[in-house]
Amino acid sequence: MPTIVIASPKGGAGKSTTAVLLGTELAHEGVPVTMLDCDPNRSLTLWAGQSDLPEHIDVLSDVSEANIVRTIKAHDSDGQIVIVDLEGVASRLVSRAISQADLVLTPMRATTLDATIGARALQLIAEEEEALDRRIPHAVVFTMTKAIQSKQHKGIEISLREQAVDVIDPPLLERAAFSGLFAFGGDLHSMPAQGNMIGARDNARAFAMQVYRRLAGEG
Ligand SMILES: Nc1ncnc2c1ncn2[C@@H]1O[C@H](COP(=O)(O)OP(=O)(O)OP(=O)(O)O)[C@@H](O)[C@H]1O
Ligand SMILES: [Mg+2]
């Protein structure tokens, strides 16, 4: 089953939040998910330790450069979706993870600075494609966006689309429930209400379904 790698060298771009939202929403639909915490800051592990893990989810901690390829291979063969959360750097660990990906997601805030640094993630994917001589499907997801798109957001999105970059619609809006995941653990269905929960669940689910469609080759 597929491996989804969440990668951007930009710190705080929303990688771990995207990983948890995607993993928990897919698991909520009954898809078994294994999440690999490859970040020495251990965001996923901290999330997993906050409360009982939702059904259908496993989190493996301390996955390193030395064992990432083996770990992915061990888990993507047994009917799971593997989601890899990485540190906000460019490193050999990141390259190795990307080399194993069926889909790379690059979360990006819709600001010029984030887009500039996020573009380096796309460059890194292109370099892996060249080294491996295979296409690595990838997409950008805008994170922490406002309900009403800024001019800057529109401009960055148009520019990405002009470069034939796949941009996932919907973006992940800035929502109290999404940042609450790390405060409470669990998922959007188990946590105490934070802001507009229905809006948050609809947003996360629609995003996860768009990712799932891409895995099924309907992108
Ligand atoms: N859609 C969102 N709505 C509200 N808050 C968000 C959203 N996405 C991320 N955040 C908050 O922004 C901060 C950074 O997010 P996150 O930890 O997911 O980024 P990251 O890319 O994993 O960072 P790092 O590079 O440090 O691993 C966190 O406090 C998180 O709760
Ligand atoms: Mg993180």
# chains A, B, ... in the order shown; residues from 1 in each chain; ligands from 1
>>> residues_around(residues="Glu128 in chain A", least_positions_apart="6", cutoff="12 Å", atoms="only C-alpha atoms", output="MDAnalysis selection string")
chainID A and resid 92 94:101 104 121:122 134:138
>>> residues_near_ligand(ligand="ligand 1", cutoff="8 Å", atoms="only C-alpha atoms and all ligand atoms", output="ChimeraX atom specification")
/A:8-19,39,41,43,85-89,107,143-145,172-182
>>> atom_distance(atom1="CA of Ala216 in chain A", atom2="CA of Thr71 in chain A")
22.7 Å
>>> select_by_dssp(residues="range 21-202 of chain A", states="strand (DSSP E)", output="ChimeraX atom specification")
/A:33-37,57-60,81-85,103-109,138-145,172-173
>>> residues_around(residues="Val165 in chain A", least_positions_apart="4", cutoff="9 Å", atoms="only C-alpha atoms", output="PyMOL selection string")
chain A and resi 122+138-140+159-161
>>> write_last_selection(atoms="C-alpha atoms", output="PDB file, in the first residue's frame")
ATOM      1  CA  LEU A 122       9.898  20.665  -5.101  1.00  0.00           C
ATOM      2  CA  HIS A 138       3.744  15.214  -5.539  1.00  0.00           C
ATOM      3  CA  ALA A 139       1.375  17.979  -4.554  1.00  0.00           C
ATOM      4  CA  VAL A 140       1.353  21.189  -2.575  1.00  0.00           C
ATOM      5  CA  SER A 159       2.254  30.664 -10.194  1.00  0.00           C
ATOM      6  CA  LEU A 160       2.443  27.046  -8.966  1.00  0.00           C
ATOM      7  CA  ARG A 161      -0.287  25.938 -11.347  1.00  0.00           C
TER       8      ARG A 161
END
>>> select_by_dssp(residues="range 77-120 of chain A", states="alpha helix (DSSP H)", output="PyMOL selection string")
chain A and resi 92-99+112-120
>>> write_last_selection(atoms="C-alpha atoms", output="PDB file, in the first residue's frame")
ATOM      1  CA  ARG A  92      19.750  12.494   3.621  1.00  0.00           C
ATOM      2  CA  LEU A  93      16.865  11.179   5.722  1.00  0.00           C
ATOM      3  CA  VAL A  94      14.470  13.417   3.785  1.00  0.00           C
ATOM      4  CA  SER A  95      15.933  12.257   0.453  1.00  0.00           C
ATOM      5  CA  ARG A  96      15.625   8.616   1.456  1.00  0.00           C
ATOM      6  CA  ALA A  97      12.018   9.094   2.500  1.00  0.00           C
ATOM      7  CA  ILE A  98      11.194  10.856  -0.776  1.00  0.00           C
ATOM      8  CA  SER A  99      12.868   8.037  -2.713  1.00  0.00           C
ATOM      9  CA  THR A 112       6.034  34.582  -0.359  1.00  0.00           C
ATOM     10  CA  LEU A 113       8.716  33.470   2.105  1.00  0.00           C
ATOM     11  CA  ASP A 114       7.100  30.080   2.666  1.00  0.00           C
ATOM     12  CA  ALA A 115       6.544  29.590  -1.044  1.00  0.00           C
ATOM     13  CA  THR A 116      10.187  30.399  -1.755  1.00  0.00           C
ATOM     14  CA  ILE A 117      11.465  27.901   0.809  1.00  0.00           C
ATOM     15  CA  GLY A 118       8.732  25.410  -0.112  1.00  0.00           C
ATOM     16  CA  ALA A 119       9.953  25.542  -3.706  1.00  0.00           C
ATOM     17  CA  ARG A 120      13.162  23.919  -2.455  1.00  0.00           C
TER      18      ARG A 120
END
>>> atom_distance(atom1="CA of Ile158 in chain A", atom2="CA of Thr106 in chain A")
16.4 Å
>>> atom_distance(atom1="CA of Glu129 in chain A", atom2="CA of Ile81 in chain A")
21.7 Å
>>> residues_around(residues="range 31-37 of chain A", least_positions_apart="5", cutoff="6 Å", atoms="only C-alpha atoms", output="JSON, numbers by chain")
{"A": [26, 44, 56, 57, 58, 59, 60, 61, 80, 81, 82, 83, 84, 85]}
>>> decode(residues="range 45-62 of chain A", atoms="C-alpha atoms", output="PDB file, in the first residue's frame")
ATOM      1  CA  THR A  45       5.094  10.841  19.174  1.00  0.00           C
ATOM      2  CA  LEU A  46       3.990  13.637  21.495  1.00  0.00           C
ATOM      3  CA  TRP A  47       0.593  13.736  19.783  1.00  0.00           C
ATOM      4  CA  ALA A  48       0.267   9.945  20.114  1.00  0.00           C
ATOM      5  CA  GLY A  49       1.092  10.122  23.827  1.00  0.00           C
ATOM      6  CA  GLN A  50      -1.597  12.722  24.634  1.00  0.00           C
ATOM      7  CA  SER A  51      -4.512  10.287  24.624  1.00  0.00           C
ATOM      8  CA  ASP A  52      -5.552   6.890  23.295  1.00  0.00           C
ATOM      9  CA  LEU A  53      -4.658   6.486  19.641  1.00  0.00           C
ATOM     10  CA  PRO A  54      -7.680   6.339  17.340  1.00  0.00           C
ATOM     11  CA  GLU A  55      -8.512   2.925  15.890  1.00  0.00           C
ATOM     12  CA  HIS A  56      -6.528   1.755  12.847  1.00  0.00           C
ATOM     13  CA  ILE A  57      -3.491   3.947  13.667  1.00  0.00           C
ATOM     14  CA  ASP A  58       0.037   2.980  14.668  1.00  0.00           C
ATOM     15  CA  VAL A  59       2.827   5.466  15.326  1.00  0.00           C
ATOM     16  CA  LEU A  60       6.466   4.402  15.092  1.00  0.00           C
ATOM     17  CA  SER A  61       8.955   6.731  16.764  1.00  0.00           C
ATOM     18  CA  ASP A  62      12.641   7.406  16.204  1.00  0.00           C
TER      19      ASP A  62
END
